[in-house]
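Here's the structure we're looking at; comments come further down.
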Amino acid sequence: MATTTFSGPIKAGTIKNTTGTTLGSNIANVGQVVMAQTFSADLSGGALAAQVTDVVIPANSQIVDCVIDVITAASGATNLSVGDTVGGAATILNTFAIGTSAGRKYPTTQAGAALAWQDTGVADIRLTVTASAATNAGLVRVTILYQQNNNLA
């Protein structure tokens, strides 16, 4: 299947600017498209210390959500952190307990690093993943959802 690449933020909607007061006719309804990138972390070899991923989030992006899919359960209690190569190992997610069962996990900003969710800053960030506990089993996929160049700072 073919893919299409765009160089900037994608906005969708039929009315770009508000020019009147009639909904569906002349009130702006353009919004930003939510983007997603995913990486995997193999926990079967033990603890991970800020392992660099291939995920790069563009500058000034707003992180909307972080979804963790535990494909293979870890054999011991494991905390997962997601950070960036410049700002630190826990700038996106700070020591979220993924437990010892497979399934989808939904950390919130209360799990740590809420400020990085608001706006990633003026430079692209490359993500890292850290797992706190040495295990002999475990595979997770982390998906970061974000609005590119939303620039809330």
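Letters A, B, ... go to the chains of the structure tokens in the order shown; residues in each chain start at 1; ligands are counted from 1 in the same order.
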
Taking only residues of stretch 6-65 of chain A that have an atom at most 12 Å from an atom of stretch 85-92 of chain A, what is each one's shortest atom pair and its distance in Å to one decimal, using only C-alpha atoms, in chain and number order, as a Markdown table?
| residue | atom | partner | partner_atom | distance |
| --- | --- | --- | --- | --- |
| A:Leu48 | CA | A:Ala89 | CA | 10.8 |
| A:Ala49 | CA | A:Ala89 | CA | 8.4 |
| A:Ala50 | CA | A:Ala89 | CA | 5.7 |
| A:Gln51 | CA | A:Ala89 | CA | 9.0 |
| A:Val52 | CA | A:Thr85 | CA | 7.2 |
| A:Thr53 | CA | A:Thr85 | CA | 9.4 |
| A:Asp54 | CA | A:Thr85 | CA | 11.2 |
| A:Val55 | CA | A:Thr85 | CA | 10.9 |
| A:Val56 | CA | A:Thr85 | CA | 10.1 |
| A:Ile57 | CA | A:Ile92 | CA | 11.3 |
| A:Gln62 | CA | A:Ile92 | CA | 11.2 |
| A:Ile63 | CA | A:Ile92 | CA | 8.6 |
| A:Val64 | CA | A:Ile92 | CA | 10.9 |
| A:Asp65 | CA | A:Ile92 | CA | 9.9 |

So which bits of chain A end up strand (DSSP E) when you DSSP the backbone, as an mmCIF file with C-alpha atoms, in the first residue's frame?
data_model
loop_
_atom_site.group_PDB
_atom_site.id
_atom_site.type_symbol
_atom_site.label_atom_id
_atom_site.label_comp_id
_atom_site.auth_asym_id
_atom_site.auth_seq_id
_atom_site.Cartn_x
_atom_site.Cartn_y
_atom_site.Cartn_z
ATOM 1 C CA LYS A 11 -5.742 20.738 9.428
ATOM 2 C CA ALA A 12 -9.164 19.558 8.338
ATOM 3 C CA GLY A 31 -9.195 21.494 13.535
ATOM 4 C CA GLN A 32 -5.819 19.791 13.701
ATOM 5 C CA VAL A 34 -4.068 13.932 15.604
ATOM 6 C CA MET A 35 -0.888 12.104 14.610
ATOM 7 C CA ALA A 36 0.511 8.921 16.164
ATOM 8 C CA GLN A 37 3.856 7.164 16.369
ATOM 9 C CA THR A 38 4.554 3.787 17.978
ATOM 10 C CA PHE A 39 7.642 2.012 19.277
ATOM 11 C CA SER A 40 8.221 -1.365 20.933
ATOM 12 C CA ALA A 41 10.279 -2.217 23.984
ATOM 13 C CA ASP A 42 11.490 -5.736 24.718
ATOM 14 C CA LEU A 48 16.206 -0.765 30.206
ATOM 15 C CA ALA A 49 18.181 2.395 30.817
ATOM 16 C CA ALA A 50 16.863 5.196 28.559
ATOM 17 C CA GLN A 51 16.926 3.107 25.371
ATOM 18 C CA VAL A 52 16.680 5.441 22.347
ATOM 19 C CA THR A 53 13.729 4.808 19.995
ATOM 20 C CA ASP A 54 13.099 5.814 16.376
ATOM 21 C CA VAL A 55 10.173 8.060 17.370
ATOM 22 C CA VAL A 56 10.726 11.788 16.848
ATOM 23 C CA ILE A 57 7.965 14.221 17.818
ATOM 24 C CA GLN A 62 0.960 18.927 21.972
ATOM 25 C CA ILE A 63 0.957 15.358 23.263
ATOM 26 C CA VAL A 64 -2.656 14.281 23.567
ATOM 27 C CA ASP A 65 -2.272 10.739 24.880
ATOM 28 C CA CYS A 66 0.136 7.912 25.594
ATOM 29 C CA VAL A 67 -1.220 4.387 25.137
ATOM 30 C CA ILE A 68 0.688 1.327 26.306
ATOM 31 C CA ASP A 69 -0.114 -2.095 24.892
ATOM 32 C CA VAL A 70 1.445 -4.872 26.949
ATOM 33 C CA ILE A 71 1.739 -7.616 24.327
ATOM 34 C CA THR A 72 3.573 -10.096 26.546
ATOM 35 C CA ASN A 79 7.655 0.674 35.889
ATOM 36 C CA LEU A 80 7.893 2.270 32.471
ATOM 37 C CA SER A 81 9.152 5.780 31.738
ATOM 38 C CA VAL A 82 9.172 7.610 28.410
ATOM 39 C CA GLY A 83 11.377 10.625 27.918
ATOM 40 C CA ASP A 84 13.560 12.322 25.372
ATOM 41 C CA GLY A 88 15.506 13.428 30.439
ATOM 42 C CA ALA A 89 14.276 9.858 30.679
ATOM 43 C CA ALA A 90 10.884 10.738 32.216
ATOM 44 C CA THR A 91 9.716 13.914 30.441
ATOM 45 C CA ILE A 92 6.650 12.251 28.862
ATOM 46 C CA LEU A 93 5.783 9.467 31.315
ATOM 47 C CA ASN A 94 7.293 9.057 34.769
ATOM 48 C CA THR A 95 7.476 5.538 36.283
ATOM 49 C CA PHE A 96 4.079 4.198 35.197
ATOM 50 C CA ALA A 97 3.412 0.725 36.637
ATOM 51 C CA GLY A 103 -3.503 -5.632 27.884
ATOM 52 C CA ARG A 104 -3.945 -1.966 27.109
ATOM 53 C CA LYS A 105 -2.897 0.603 29.716
ATOM 54 C CA ILE A 125 12.370 15.484 20.524
ATOM 55 C CA ARG A 126 13.557 11.893 20.093
ATOM 56 C CA LEU A 127 11.956 9.517 22.554
ATOM 57 C CA THR A 128 13.603 7.084 24.951
ATOM 58 C CA VAL A 129 12.102 4.279 27.026
ATOM 59 C CA THR A 130 13.201 3.106 30.474
ATOM 60 C CA ALA A 131 11.999 0.017 32.343
ATOM 61 C CA LEU A 139 6.985 -6.865 25.320
ATOM 62 C CA VAL A 140 5.268 -3.483 25.216
ATOM 63 C CA ARG A 141 4.215 -1.138 22.411
ATOM 64 C CA VAL A 142 3.933 2.539 23.261
ATOM 65 C CA THR A 143 1.871 4.842 21.041
ATOM 66 C CA ILE A 144 2.201 8.604 21.407
ATOM 67 C CA LEU A 145 -0.689 10.664 19.998
ATOM 68 C CA TYR A 146 0.017 14.335 19.318
ATOM 69 C CA GLN A 147 -1.106 17.436 17.445
#

Work out how far atom CA of A:Ser7 is from atom CA of A:Ser61, in Å to one decimal.
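Interatomic distance, atom CA of A:Ser61 to atom CA of A:Ser7: 14.0 Å.
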
A:Thr22, A:Ser132, A:Asn151, A:Thr5: which is nearest A:Ala116, counting only C-alpha atoms?
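For A:Ala116, the nearest of the candidates is A:Asn151.
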
Quick one: which stretch 20-55 of chain A residues come within 8 Å of stretch 134-138 of chain A, and what is the nearest atom pair for each with the distance in Å to one decimal, counting only C-alpha atoms, rows ordered by chain and ascending number, as JSON lines?
{"residue": "A:Asp42", "atom": "CA", "partner": "A:Gly138", "partner_atom": "CA", "distance": 6.1}
{"residue": "A:Leu43", "atom": "CA", "partner": "A:Gly138", "partner_atom": "CA", "distance": 4.7}
{"residue": "A:Ser44", "atom": "CA", "partner": "A:Ala137", "partner_atom": "CA", "distance": 3.9}
{"residue": "A:Gly45", "atom": "CA", "partner": "A:Asn136", "partner_atom": "CA", "distance": 5.8}
{"residue": "A:Gly46", "atom": "CA", "partner": "A:Ala134", "partner_atom": "CA", "distance": 3.8}
{"residue": "A:Ala47", "atom": "CA", "partner": "A:Ala134", "partner_atom": "CA", "distance": 4.3}

DSSP on the backbone: which residues in chain A end up as helix (DSSP H, G or I)? Give the answer as a list in words.
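Result set for chain A (helix (DSSP H, G or I)): Thr109, Gln110, Ala111, Ala114, Leu115, Ala116, Trp117 and Gln118 of chain A.
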
Between A:Thr21, A:Asn60, A:Thr120, A:Asn26, which has the minimum distance to A:Pro9 (counting only C-alpha atoms)?
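Checking each of A:Thr21, A:Asn60, A:Thr120, A:Asn26 against A:Pro9, counting only C-alpha atoms, the winner is A:Asn60.
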